[in-house]
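Asks: Coordinates in structure-v3.txt, compact mmCIF, C-alpha atoms, are listed below.
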```txt
# COMPACT_ATOMS: atom_id res chain seq x y z
CA MET A 1254 0.00 0.00 0.00
CA ASN A 1255 2.64 2.37 1.12
CA ARG A 1256 4.83 1.49 -1.81
CA ASN A 1257 2.03 2.10 -4.28
CA LYS A 1258 1.48 5.50 -2.80
CA GLU A 1259 5.15 6.28 -3.12
CA GLN A 1260 5.26 5.21 -6.72
CA GLY A 1261 2.23 7.35 -7.43
CA PHE A 1262 4.01 10.31 -5.89
CA PHE A 1263 7.13 9.80 -7.99
CA ALA A 1264 5.07 9.18 -11.10
CA SER A 1265 3.19 12.44 -10.62
CA LEU A 1266 6.49 14.28 -10.15
CA ALA A 1267 7.94 12.69 -13.25
CA SER A 1268 4.95 13.55 -15.42
CA ASN A 1269 5.31 17.23 -14.58
CA PRO A 1270 7.78 18.47 -17.23
CA SER A 1271 9.71 20.96 -15.11
CA THR A 1272 10.30 18.65 -12.16
CA ASN A 1273 11.01 15.78 -14.52
CA GLU A 1274 14.42 17.22 -15.39
CA PHE A 1275 15.26 17.22 -11.71
CA VAL A 1276 13.85 13.85 -10.68
CA LYS A 1277 15.25 11.81 -13.55
CA GLY A 1278 18.81 12.36 -12.35
CA LEU A 1279 17.93 11.27 -8.84
CA TRP A 1280 16.42 7.96 -9.74
CA LYS A 1281 15.53 6.90 -13.29
CA ASP A 1282 18.79 8.04 -14.89
CA ASN A 1283 20.96 8.00 -11.80
CA PRO A 1284 24.44 8.86 -13.10
CA VAL A 1285 26.22 6.15 -11.15
CA TYR A 1286 23.82 3.24 -10.82
CA VAL A 1287 22.07 3.51 -14.18
CA GLN A 1288 24.41 5.35 -16.53
CA VAL A 1289 27.64 4.08 -14.89
CA LEU A 1290 29.39 7.44 -15.39
CA GLY A 1291 32.08 9.08 -13.31
CA MET A 1292 33.28 5.85 -11.76
CA CYS A 1293 36.80 6.94 -10.84
CA PRO A 1294 35.97 9.37 -8.02
CA VAL A 1295 33.09 7.15 -6.98
CA LEU A 1296 35.46 4.32 -6.16
CA ALA A 1297 38.44 6.33 -5.05
CA VAL A 1298 37.07 8.72 -2.44
CA SER A 1299 34.19 6.68 -1.06
CA ASN A 1300 36.22 5.14 1.77
CA THR A 1301 34.46 7.30 4.35
CA ALA A 1302 31.01 8.88 4.31
CA GLU A 1303 32.46 12.33 4.95
CA ASN A 1304 34.84 12.20 1.97
CA ALA A 1305 32.06 10.86 -0.23
CA LEU A 1306 29.74 13.69 0.72
CA ALA A 1307 32.38 16.39 0.21
CA MET A 1308 33.37 14.98 -3.15
CA GLY A 1309 29.73 14.71 -4.24
CA LEU A 1310 29.00 18.30 -3.30
CA ALA A 1311 32.12 19.61 -5.03
CA THR A 1312 31.16 17.75 -8.19
CA THR A 1313 27.60 19.07 -8.00
CA PHE A 1314 28.88 22.62 -7.74
CA VAL A 1315 31.12 22.25 -10.78
CA LEU A 1316 28.33 20.52 -12.69
CA LEU A 1317 25.86 23.28 -11.86
CA MET A 1318 28.20 26.14 -12.80
CA SER A 1319 29.41 24.52 -16.01
CA ASN A 1320 25.86 23.65 -17.07
CA ILE A 1321 24.80 27.27 -16.53
CA LEU A 1322 27.71 28.68 -18.50
CA VAL A 1323 27.48 26.14 -21.32
CA SER A 1324 23.77 26.75 -21.62
CA LEU A 1325 24.30 30.52 -21.75
CA LEU A 1326 27.04 30.25 -24.36
CA ARG A 1327 25.46 27.49 -26.43
CA LYS A 1328 24.73 29.82 -29.36
CA VAL A 1329 28.17 31.46 -29.26
CA ILE A 1330 30.43 28.38 -29.20
CA PRO A 1331 31.21 27.03 -32.70
CA LYS A 1332 30.37 23.38 -33.13
CA GLN A 1333 33.90 22.24 -34.06
CA VAL A 1334 35.55 23.42 -30.86
CA ARG A 1335 32.72 22.77 -28.45
CA ILE A 1336 34.30 19.90 -26.51
CA ALA A 1337 37.51 21.86 -25.98
CA SER A 1338 35.51 24.89 -24.83
CA TYR A 1339 33.47 22.80 -22.40
CA ILE A 1340 36.63 21.32 -20.93
CA LEU A 1341 38.12 24.79 -20.45
CA ILE A 1342 34.95 25.98 -18.71
CA ILE A 1343 34.95 22.92 -16.46
CA ALA A 1344 38.67 23.26 -15.69
CA THR A 1345 38.16 26.86 -14.60
CA PHE A 1346 35.45 25.97 -12.12
CA VAL A 1347 37.41 22.99 -10.84
CA THR A 1348 40.42 25.22 -10.15
CA MET A 1349 38.13 27.56 -8.21
CA THR A 1350 36.67 24.65 -6.22
CA ASP A 1351 40.13 23.29 -5.51
CA TYR A 1352 41.31 26.59 -4.03
CA ALA A 1353 38.02 27.07 -2.13
CA ILE A 1354 38.26 23.65 -0.46
CA GLN A 1355 41.88 24.31 0.43
CA ALA A 1356 40.80 27.56 2.09
CA ILE A 1357 37.91 25.96 3.98
CA SER A 1358 39.60 22.83 5.29
CA VAL A 1359 43.17 21.78 4.62
CA GLU A 1360 42.46 18.43 6.23
CA LEU A 1361 39.67 17.65 3.79
CA HIS A 1362 41.84 18.84 0.91
CA ASN A 1363 44.56 16.43 1.94
CA SER A 1364 42.25 13.45 2.26
CA LEU A 1365 40.62 14.05 -1.14
CA GLY A 1366 44.05 14.65 -2.68
CA ALA A 1367 44.35 14.89 -6.43
CA PHE A 1368 40.78 13.77 -6.89
CA ILE A 1369 39.47 17.32 -6.63
CA SER A 1370 41.53 18.31 -9.66
CA LEU A 1371 40.39 15.15 -11.36
CA ILE A 1372 36.77 16.39 -11.34
CA VAL A 1373 37.80 17.96 -14.67
CA VAL A 1374 37.84 14.55 -16.30
CA ASN A 1375 34.68 13.28 -14.65
CA CYS A 1376 32.72 11.99 -17.64
CA LEU A 1377 29.46 12.90 -15.91
CA ILE A 1378 30.08 16.64 -16.19
CA LEU A 1379 31.19 16.60 -19.81
CA SER A 1380 28.35 14.33 -20.80
CA ARG A 1381 25.74 16.63 -19.23
CA ALA A 1382 27.30 19.64 -20.96
CA GLU A 1383 27.28 17.88 -24.31
CA ALA A 1384 24.00 15.97 -24.04
CA PHE A 1385 21.87 18.46 -22.17
CA ALA A 1386 23.13 21.98 -21.48
CA SER A 1387 24.23 22.60 -25.07
CA LYS A 1388 20.70 21.93 -26.29
CA ASN A 1389 18.49 23.37 -23.57
CA GLY A 1390 17.73 26.68 -21.88
CA ILE A 1391 19.27 27.85 -18.64
CA GLY A 1392 16.34 26.95 -16.36
CA LYS A 1393 16.17 23.38 -17.53
CA SER A 1394 19.97 23.06 -17.40
CA ILE A 1395 20.03 24.18 -13.77
CA LEU A 1396 17.38 21.62 -12.84
CA ASP A 1397 19.20 18.94 -14.77
CA ALA A 1398 22.51 19.75 -13.07
CA LEU A 1399 20.93 19.73 -9.62
CA GLY A 1400 19.14 16.45 -10.28
CA MET A 1401 22.21 14.71 -11.66
CA GLY A 1402 24.39 16.25 -8.96
CA PHE A 1403 22.21 15.08 -6.09
CA GLY A 1404 21.86 11.69 -7.75
CA PHE A 1405 25.66 11.54 -7.75
CA VAL A 1406 25.85 12.64 -4.11
CA PHE A 1407 23.26 10.01 -3.17
CA ALA A 1408 25.18 7.26 -4.96
CA LEU A 1409 28.52 8.29 -3.46
CA PHE A 1410 27.02 8.52 0.00
CA CYS A 1411 25.46 5.03 -0.24
CA LEU A 1412 28.84 3.63 -1.16
CA GLY A 1413 30.81 5.67 1.37
CA ALA A 1414 28.46 4.85 4.24
CA VAL A 1415 28.60 1.09 3.63
CA ARG A 1416 32.37 1.12 3.29
CA GLU A 1417 32.93 3.20 6.40
CA VAL A 1418 30.50 1.21 8.57
CA LEU A 1419 32.01 -2.13 7.59
CA GLY A 1420 35.59 -1.02 7.12
CA SER A 1421 36.13 1.10 10.24
CA GLY A 1422 32.99 0.37 12.26
CA SER A 1423 31.93 4.00 12.34
CA LEU A 1424 29.85 6.58 10.49
CA PHE A 1425 31.01 10.21 10.28
CA ASN A 1426 33.75 9.20 12.75
CA ILE A 1427 31.16 8.13 15.35
CA HIS A 1428 31.70 4.57 16.52
CA LEU A 1429 28.69 2.35 16.02
CA PHE A 1430 29.72 -1.03 17.29
CA PRO A 1431 30.81 -2.34 20.71
CA GLU A 1432 34.48 -3.01 21.46
CA GLY A 1433 34.47 -6.57 20.14
CA PHE A 1434 33.72 -5.57 16.53
CA GLN A 1435 36.47 -6.55 14.15
CA PRO A 1436 36.47 -4.07 11.23
CA TRP A 1437 36.66 -5.51 7.73
CA VAL A 1438 39.78 -3.70 6.69
CA VAL A 1439 39.38 -4.88 3.11
CA MET A 1440 36.35 -2.60 2.70
CA ILE A 1441 38.38 0.59 2.94
CA LEU A 1442 41.07 -0.80 0.66
CA PRO A 1443 40.65 -0.51 -3.14
CA ALA A 1444 39.25 -4.03 -3.48
CA GLY A 1445 36.40 -3.17 -1.12
CA GLY A 1446 35.40 -0.30 -3.39
CA PHE A 1447 34.93 -2.63 -6.33
CA PHE A 1448 32.97 -5.15 -4.26
CA THR A 1449 30.66 -2.57 -2.66
CA LEU A 1450 29.89 -0.91 -5.98
CA ALA A 1451 29.19 -4.31 -7.53
CA LEU A 1452 26.76 -5.13 -4.73
CA TRP A 1453 24.93 -1.79 -5.04
CA LEU A 1454 24.58 -2.28 -8.80
CA LEU A 1455 23.27 -5.78 -8.15
CA PHE A 1456 20.73 -4.36 -5.72
CA PHE A 1457 19.54 -1.79 -8.27
CA ASN A 1458 19.31 -4.45 -10.98
CA LEU A 1459 17.06 -6.47 -8.69
CA LEU A 1460 14.88 -3.43 -8.00
CA LYS A 1461 14.55 -2.69 -11.71
CA ARG A 1462 13.64 -6.28 -12.46
CA ARG A 1463 10.98 -6.27 -9.77
CA LYS A 1464 9.37 -3.17 -11.20
CA THR A 1465 9.11 -4.57 -14.70
CA THR A 1466 7.54 -7.89 -13.72
CA MET B 385 63.36 12.80 -5.13
CA ASN B 386 66.28 10.47 -5.62
CA GLU B 387 64.25 7.32 -6.09
CA SER B 388 65.88 4.97 -8.53
CA ILE B 389 64.42 4.63 -12.02
CA TRP B 390 63.70 0.95 -11.51
CA TYR B 391 61.84 1.62 -8.28
CA ILE B 392 59.64 4.24 -9.93
CA PHE B 393 58.75 1.85 -12.75
CA ILE B 394 57.82 -1.07 -10.47
CA SER B 395 55.93 1.20 -8.13
CA ALA B 396 53.84 2.81 -10.90
CA SER B 397 53.10 -0.41 -12.76
CA LEU B 398 52.52 -2.96 -10.00
CA VAL B 399 52.45 -1.68 -6.45
CA ASN B 400 50.44 1.48 -7.08
CA ASN B 401 48.73 0.24 -10.21
CA PHE B 402 46.75 3.16 -11.61
CA VAL B 403 43.61 1.15 -12.24
CA LEU B 404 43.52 -1.29 -9.36
CA ALA B 405 44.98 0.78 -6.56
CA TYR B 406 44.24 4.41 -7.50
CA PHE B 407 41.01 3.82 -9.45
CA LEU B 408 42.15 5.97 -12.34
CA GLY B 409 40.92 5.18 -15.83
CA ILE B 410 37.99 3.04 -14.73
CA CYS B 411 35.77 4.07 -17.68
CA PRO B 412 37.88 2.49 -20.45
CA PHE B 413 38.72 -0.31 -18.01
CA LEU B 414 35.03 -1.24 -17.88
CA GLY B 415 34.22 -0.14 -21.42
CA VAL B 416 36.82 -1.60 -23.78
CA SER B 417 37.91 -4.64 -21.83
CA GLY B 418 35.60 -7.03 -23.67
CA LYS B 419 38.13 -8.29 -26.19
CA MET B 420 41.81 -9.05 -25.73
CA ALA B 421 42.99 -7.47 -29.02
CA THR B 422 41.17 -4.18 -28.44
CA ALA B 423 42.39 -4.03 -24.86
CA THR B 424 46.05 -4.38 -25.91
CA ARG B 425 45.80 -1.60 -28.48
CA MET B 426 43.86 0.66 -26.17
CA GLY B 427 46.62 0.13 -23.62
CA ALA B 428 49.24 1.07 -26.20
CA ALA B 429 47.33 4.22 -27.23
CA VAL B 430 46.93 5.30 -23.61
CA THR B 431 50.61 4.63 -22.87
CA PHE B 432 51.63 6.78 -25.83
CA VAL B 433 49.38 9.67 -24.79
CA MET B 434 50.72 9.32 -21.24
CA LEU B 435 54.31 9.52 -22.43
CA ILE B 436 53.75 12.65 -24.54
CA SER B 437 51.63 14.45 -21.97
CA SER B 438 54.03 13.58 -19.19
CA MET B 439 56.90 15.22 -21.08
CA CYS B 440 54.76 18.27 -21.88
CA ALA B 441 53.54 18.49 -18.30
CA TYR B 442 57.14 18.66 -17.11
CA GLY B 443 57.81 21.59 -19.43
CA ILE B 444 54.59 23.37 -18.56
CA HIS B 445 55.17 23.03 -14.84
CA TRP B 446 58.62 24.53 -15.27
CA GLY B 447 57.18 27.38 -17.35
CA LEU B 448 54.34 28.14 -14.97
CA GLU B 449 56.76 28.21 -12.04
CA ALA B 450 58.81 30.75 -13.96
CA ILE B 451 55.86 33.11 -14.55
CA ASN B 452 54.43 32.33 -11.11
CA ALA B 453 50.97 31.20 -12.22
CA PRO B 454 50.26 27.81 -10.63
CA PHE B 455 46.50 28.29 -10.97
CA LEU B 456 46.83 27.77 -14.73
CA GLN B 457 48.27 24.30 -14.19
CA LEU B 458 45.06 22.30 -14.54
CA ILE B 459 43.86 24.20 -17.60
CA SER B 460 47.16 23.91 -19.47
CA TYR B 461 47.53 20.21 -18.67
CA ILE B 462 44.10 19.37 -20.00
CA VAL B 463 44.69 21.36 -23.18
CA VAL B 464 47.94 19.48 -23.84
CA ILE B 465 46.25 16.13 -23.23
CA ALA B 466 43.34 16.99 -25.51
CA SER B 467 45.70 17.98 -28.33
CA THR B 468 47.79 14.82 -27.92
CA VAL B 469 44.67 12.69 -28.10
CA GLN B 470 43.60 14.51 -31.26
CA LEU B 471 47.00 13.69 -32.76
CA VAL B 472 46.78 10.02 -31.84
CA GLU B 473 43.25 9.88 -33.21
CA MET B 474 44.32 11.21 -36.61
CA PHE B 475 47.29 8.84 -36.64
CA ILE B 476 45.22 5.73 -35.87
CA LYS B 477 42.50 6.73 -38.34
CA LYS B 478 45.12 6.92 -41.07
CA MET B 479 47.11 3.81 -40.13
CA SER B 480 44.39 1.37 -39.11
CA PRO B 481 40.74 2.21 -39.82
CA ALA B 482 39.69 -1.15 -38.35
CA LEU B 483 41.25 -0.33 -35.00
CA PHE B 484 39.71 3.14 -35.22
CA ARG B 485 36.25 1.58 -35.47
CA ALA B 486 36.94 -0.97 -32.74
CA LEU B 487 37.96 1.70 -30.22
CA GLY B 488 34.99 3.86 -31.22
CA ILE B 489 33.93 6.52 -28.77
CA PHE B 490 36.60 5.47 -26.28
CA LEU B 491 39.37 6.96 -28.41
CA PRO B 492 38.33 10.63 -28.04
CA LEU B 493 37.38 9.77 -24.47
CA ILE B 494 41.06 9.18 -23.67
CA THR B 495 41.02 12.95 -23.10
CA THR B 496 38.76 12.43 -20.13
CA ASN B 497 40.72 9.41 -18.95
CA CYS B 498 41.64 10.39 -15.43
CA ALA B 499 44.73 8.18 -15.52
CA ILE B 500 46.46 10.64 -17.85
CA LEU B 501 45.62 13.84 -16.00
CA GLY B 502 46.28 11.98 -12.76
CA LEU B 503 49.73 11.01 -13.99
CA ALA B 504 50.56 14.61 -14.87
CA LEU B 505 49.35 15.85 -11.48
CA PHE B 506 51.10 13.13 -9.47
CA GLN B 507 54.45 13.61 -11.17
CA THR B 508 54.24 17.34 -10.45
CA ALA B 509 53.29 16.69 -6.84
CA LYS B 510 56.17 14.24 -6.42
CA GLY B 511 58.63 16.66 -8.00
CA TYR B 512 60.02 14.19 -10.54
CA GLY B 513 62.73 15.29 -12.96
CA PHE B 514 62.54 14.83 -16.72
CA VAL B 515 63.90 11.26 -16.92
CA GLN B 516 61.96 10.20 -13.84
CA SER B 517 58.76 11.58 -15.38
CA ILE B 518 59.27 9.55 -18.54
CA VAL B 519 59.88 6.37 -16.56
CA TYR B 520 56.86 7.11 -14.38
CA ALA B 521 54.70 7.52 -17.50
CA LEU B 522 56.00 4.27 -18.98
CA GLY B 523 55.38 2.43 -15.72
CA ALA B 524 51.87 3.80 -15.38
CA GLY B 525 51.12 2.93 -19.00
CA ALA B 526 52.45 -0.59 -18.54
CA GLY B 527 50.35 -0.99 -15.41
CA PHE B 528 47.23 0.27 -17.18
CA THR B 529 47.80 -2.09 -20.13
CA LEU B 530 48.48 -4.99 -17.78
CA ALA B 531 45.23 -4.43 -15.85
CA LEU B 532 43.25 -4.02 -19.08
CA VAL B 533 44.69 -7.16 -20.66
CA LEU B 534 44.20 -9.23 -17.51
CA ILE B 535 40.57 -8.27 -17.17
CA ALA B 536 39.94 -8.72 -20.90
CA GLY B 537 41.32 -12.26 -20.71
CA LEU B 538 39.09 -13.04 -17.75
CA ARG B 539 36.04 -11.54 -19.43
CA GLU B 540 36.61 -13.53 -22.63
CA LYS B 541 36.47 -16.71 -20.52
CA LEU B 542 33.50 -15.50 -18.51
CA ASP B 543 31.47 -15.02 -21.69
CA PHE B 544 31.13 -18.79 -21.81
CA ALA B 545 30.27 -19.18 -18.15
CA ASP B 546 26.70 -19.60 -17.06
CA VAL B 547 26.12 -16.83 -14.54
CA PRO B 548 22.85 -15.66 -12.96
CA TRP B 549 21.20 -12.81 -14.88
CA THR B 550 21.54 -10.49 -11.87
CA VAL B 551 25.31 -10.28 -12.07
CA LYS B 552 25.67 -10.17 -15.86
CA GLY B 553 27.51 -7.20 -17.33
CA THR B 554 28.99 -4.45 -15.19
CA VAL B 555 28.40 -6.19 -11.87
CA LEU B 556 30.42 -9.24 -12.88
CA THR B 557 33.23 -7.07 -14.26
CA LEU B 558 33.38 -5.13 -11.01
CA LEU B 559 33.49 -8.29 -8.93
CA VAL B 560 36.33 -9.66 -11.05
CA ALA B 561 38.12 -6.31 -10.79
CA GLY B 562 37.76 -6.47 -7.02
CA ILE B 563 39.41 -9.89 -6.94
CA LEU B 564 42.19 -8.65 -9.24
CA SER B 565 42.70 -5.70 -6.94
CA LEU B 566 43.04 -8.10 -4.00
CA VAL B 567 45.66 -10.02 -5.96
CA PHE B 568 47.60 -6.84 -6.71
CA MET B 569 47.68 -6.03 -3.00
CA GLY B 570 50.15 -8.89 -2.82
CA PHE B 571 52.67 -6.65 -4.57
CA SER B 572 52.59 -4.09 -1.79
CA GLY B 573 55.57 -5.80 -0.13
CA LEU B 574 57.70 -4.81 -3.11
CA GLY B 575 57.11 -1.12 -2.46
CA SER B 576 58.70 -0.80 0.96
CA GLN B 577 62.11 0.73 0.60
```
With the file now loaded, output its structure as structure tokens.

Replies:
Amino acid sequence: MNRNKEQGFFASLASNPSTNEFVKGLWKDNPVYVQVLGMCPVLAVSNTAENALAMGLATTFVLLMSNILVSLLRKVIPKQVRIASYILIIATFVTMTDYAIQAISVELHNSLGAFISLIVVNCLILSRAEAFASKNGIGKSILDALGMGFGFVFALFCLGAVREVLGSGSLFNIHLFPEGFQPWVVMILPAGGFFTLALWLLFFNLLKRRKTT
Amino acid sequence: MNESIWYIFISASLVNNFVLAYFLGICPFLGVSGKMATATRMGAAVTFVMLISSMCAYGIHWGLEAINAPFLQLISYIVVIASTVQLVEMFIKKMSPALFRALGIFLPLITTNCAILGLALFQTAKGYGFVQSIVYALGAGAGFTLALVLIAGLREKLDFADVPWTVKGTVLTLLVAGILSLVFMGFSGLGSQ
């Protein structure tokens, strides 16, 4: 009963054209679980929930700003050099984000390392610029960026939370388990990233299958 | 700073494998690892781009230091990488149209391969000299190719295996990659100086 109600709610949101742009990124076209884009940061900085959240928000910011600018300039940029122009726009915002994070928290900057700079080559951002912002108006592009961005944050957080809880027995540095808990160290190592992501994708495959039958 | 050439090579290719330990270049790793032949050539193309952009990055870093504009680093690196990829693309299109078709969209996407930008950023952060940078690029390229070829070999075999529908596709590849990553952890003993 409850589930039906929920589905009805999402369906009504999705049928409304302006909210559709926002909601599709969160669920139906989730950048990580459905489109499998932007995998590198997803795996690399999801070893704690805090890192995952910070990385997700930084990416969302860059995505939002680049979508706005690309959408504004879409009639000015010649078709032949569009990809190069998008990358330059993205690189500018990433440099800004990099310096901003360094100013806010050096600790966070150190734990995210080079992966902040590597937002430039996150396929998610370039693909939204190319597939959406270059064809649509600014309002729609903002909604699209926010939807995709929060979908990305959601996916990263799911991964980061599972890895931190199992790998260090804590969430946001708060210990969850009694003394006797033996943390699964493998979960915070690279191998754990692959396994956790595989399990989440499996889970979403199951959900999709259930819906269609 | 004074790490030996050999140490840098082993470290970049095995111990700190770009794909399996740093998670760089996951997109082509998942995308073009279906067939052994394509994987080998993709590895070669990426290694070549790495080599060129690593040399350029060394020069650019030196130049930017001289004019005191470190904030231009990211932008200039990505421009160099994009141009190198364009060059490789034209070259492959001319020399082997079949390979050009096989690599498809993943060829221009080498530009957004984080392994290459990552390499340029890491070598700058580590303060490598010119020769060290070249060796680092070769090691990283070899490591990338090795990971790609290994997973392609496994996936070719897995095509014939009867697996449940739930894990088909990306999920299975990720699980295999996880196991490979565990195996590569065995090399970590080599890294201690």

Asks: As an exercise, work out the distance from CA of Lys1461 (chain A) to CA of Gly415 (chain B) in Å and give it to one decimal place.

Replies: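 Separating CA of Lys1461 (chain A) from CA of Gly415 (chain B) is a distance of 22.1 Å.
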
Asks: Pick the closest to chain B from A:Pro1294, A:Pro1331, A:Gly1404, A:Gly1278: which is it, counting all atoms listed in the file?

Replies: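 Smallest separation from chain B among the options: A:Pro1294.
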
Asks: May I have a table of the residues of chain B lying at most 7 Å from chain A, giving each one's closest pair of atoms and their distance in Å to one decimal, counting all atoms listed in the file, ordered by chain and ascending residue number, as a tab-separated table?

Replies:
```
residue	atom	partner	partner_atom	distance
B:Leu404	CA	A:Pro1443	CA	6.9
B:Ala405	CA	A:Pro1443	CA	5.7
B:Tyr406	CA	A:Ala1297	CA	6.6
B:Phe407	CA	A:Cys1293	CA	5.4
B:Leu408	CA	A:Cys1293	CA	5.6
B:Gly409	CA	A:Cys1293	CA	6.7
B:Ile410	CA	A:Cys1293	CA	5.6
B:Cys411	CA	A:Met1292	CA	6.7
B:Phe455	CA	A:Thr1348	CA	6.9
B:Leu458	CA	A:Ala1344	CA	6.6
B:Ile459	CA	A:Ala1344	CA	5.6
B:Thr496	CA	A:Val1374	CA	4.5
B:Asn497	CA	A:Val1374	CA	6.5
B:Cys498	CA	A:Val1374	CA	5.7
B:Gly502	CA	A:Leu1371	CA	6.8
B:Thr550	CA	A:Leu1455	CA	6.2
B:Val551	CA	A:Leu1455	CA	6.3
B:Val555	CA	A:Ala1451	CA	4.8
B:Leu558	CA	A:Ala1451	CA	5.5
B:Leu559	CA	A:Phe1448	CA	5.7
B:Ala561	CA	A:Phe1447	CA	6.6
B:Gly562	CA	A:Ala1444	CA	4.6
B:Ile563	CA	A:Ala1444	CA	6.8
B:Ser565	CA	A:Ala1444	CA	5.2
B:Leu566	CA	A:Ala1444	CA	5.6
```

Asks: At a cut-off of 12 Å, using all atoms listed in the file, what residues contact Ala1398 (chain A)? Leave out same-chain residues fewer than 6 positions from it and give the result as a PyMOL selection string.

Replies: chain A and resi 1274-1279+1283-1284+1310+1312-1324+1377-1382+1384-1386+1389+1391-1392+1404-1406

Asks: Quick one: distance from CA of Asp546 (chain B) to CA of Lys419 (chain B) in Å, one decimal?

Replies: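 Here the two named atoms are 18.5 Å from each other.
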
Asks: Between CA of Leu493 (chain B) and CA of Val567 (chain B), measure the distance and give it in Å to one decimal.

Replies: 28.3 Å

Asks: Would you mind telling me which residue in B:Ile476, B:Leu534, B:Leu398, B:Met434 lies nearest to Ala521 (chain B) when using all atoms listed in the file?

Replies: B:Met434

Asks: Using all atoms listed in the file, find the one residue out of B:Val416, B:Ala524, B:Val547, B:Val560 that sits nearest to Phe432 (chain B).

Replies: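 Smallest distance to Phe432 (chain B) is found for B:Ala524.
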
Asks: I want to know what sits within 8 Å of region 1411-1419 of chain A, based on only C-alpha atoms, with residues of the same chain fewer than 4 positions away left out; could you give that as a PyMOL selection string?

Replies: chain A and resi 1298-1305+1407+1423-1424+1429+1436-1438+1440-1441+1445-1446+1449-1450+1453

Asks: Missing atoms in region 1438-1443 of chain A: can you complete it with all heavy atoms, as a PDB file, in the frame of the given file?

Replies:
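The resulting file, part.pdb, is shown below:
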```pdb
ATOM      1  N   VAL A1438      38.859  -4.677   7.244  1.00  0.00           N
ATOM      2  CA  VAL A1438      39.780  -3.700   6.690  1.00  0.00           C
ATOM      3  C   VAL A1438      39.707  -3.659   5.158  1.00  0.00           C
ATOM      4  O   VAL A1438      39.876  -2.618   4.527  1.00  0.00           O
ATOM      5  CB  VAL A1438      41.226  -3.987   7.145  1.00  0.00           C
ATOM      6  CG1 VAL A1438      42.185  -2.953   6.595  1.00  0.00           C
ATOM      7  CG2 VAL A1438      41.291  -3.994   8.654  1.00  0.00           C
ATOM      8  N   VAL A1439      39.383  -4.816   4.573  1.00  0.00           N
ATOM      9  CA  VAL A1439      39.380  -4.880   3.110  1.00  0.00           C
ATOM     10  C   VAL A1439      38.398  -3.875   2.511  1.00  0.00           C
ATOM     11  O   VAL A1439      38.582  -3.398   1.388  1.00  0.00           O
ATOM     12  CB  VAL A1439      39.073  -6.318   2.633  1.00  0.00           C
ATOM     13  CG1 VAL A1439      37.634  -6.696   2.896  1.00  0.00           C
ATOM     14  CG2 VAL A1439      39.389  -6.478   1.167  1.00  0.00           C
ATOM     15  N   MET A1440      37.348  -3.503   3.265  1.00  0.00           N
ATOM     16  CA  MET A1440      36.350  -2.600   2.700  1.00  0.00           C
ATOM     17  C   MET A1440      36.891  -1.202   2.439  1.00  0.00           C
ATOM     18  O   MET A1440      36.401  -0.508   1.547  1.00  0.00           O
ATOM     19  CB  MET A1440      35.123  -2.506   3.615  1.00  0.00           C
ATOM     20  CG  MET A1440      34.346  -3.784   3.736  1.00  0.00           C
ATOM     21  SD  MET A1440      33.938  -4.538   2.167  1.00  0.00           S
ATOM     22  CE  MET A1440      32.444  -3.691   1.784  1.00  0.00           C
ATOM     23  N   ILE A1441      37.859  -0.744   3.230  1.00  0.00           N
ATOM     24  CA  ILE A1441      38.380   0.590   2.940  1.00  0.00           C
ATOM     25  C   ILE A1441      39.561   0.530   1.980  1.00  0.00           C
ATOM     26  O   ILE A1441      40.026   1.541   1.495  1.00  0.00           O
ATOM     27  CB  ILE A1441      38.776   1.394   4.216  1.00  0.00           C
ATOM     28  CG1 ILE A1441      39.555   0.523   5.172  1.00  0.00           C
ATOM     29  CG2 ILE A1441      37.579   1.976   4.897  1.00  0.00           C
ATOM     30  CD1 ILE A1441      40.116   1.293   6.345  1.00  0.00           C
ATOM     31  N   LEU A1442      40.019  -0.660   1.671  1.00  0.00           N
ATOM     32  CA  LEU A1442      41.070  -0.800   0.660  1.00  0.00           C
ATOM     33  C   LEU A1442      40.411  -0.784  -0.731  1.00  0.00           C
ATOM     34  O   LEU A1442      39.201  -0.927  -0.852  1.00  0.00           O
ATOM     35  CB  LEU A1442      41.808  -2.125   0.882  1.00  0.00           C
ATOM     36  CG  LEU A1442      42.601  -2.183   2.180  1.00  0.00           C
ATOM     37  CD1 LEU A1442      43.199  -3.545   2.394  1.00  0.00           C
ATOM     38  CD2 LEU A1442      43.682  -1.116   2.187  1.00  0.00           C
ATOM     39  N   PRO A1443      41.221  -0.587  -1.791  1.00  0.00           N
ATOM     40  CA  PRO A1443      40.650  -0.510  -3.140  1.00  0.00           C
ATOM     41  C   PRO A1443      39.707  -1.656  -3.480  1.00  0.00           C
ATOM     42  O   PRO A1443      38.636  -1.430  -4.050  1.00  0.00           O
ATOM     43  CB  PRO A1443      41.871  -0.520  -4.036  1.00  0.00           C
ATOM     44  CG  PRO A1443      42.947   0.068  -3.213  1.00  0.00           C
ATOM     45  CD  PRO A1443      42.651  -0.302  -1.802  1.00  0.00           C
TER      46      PRO A1443
END
```
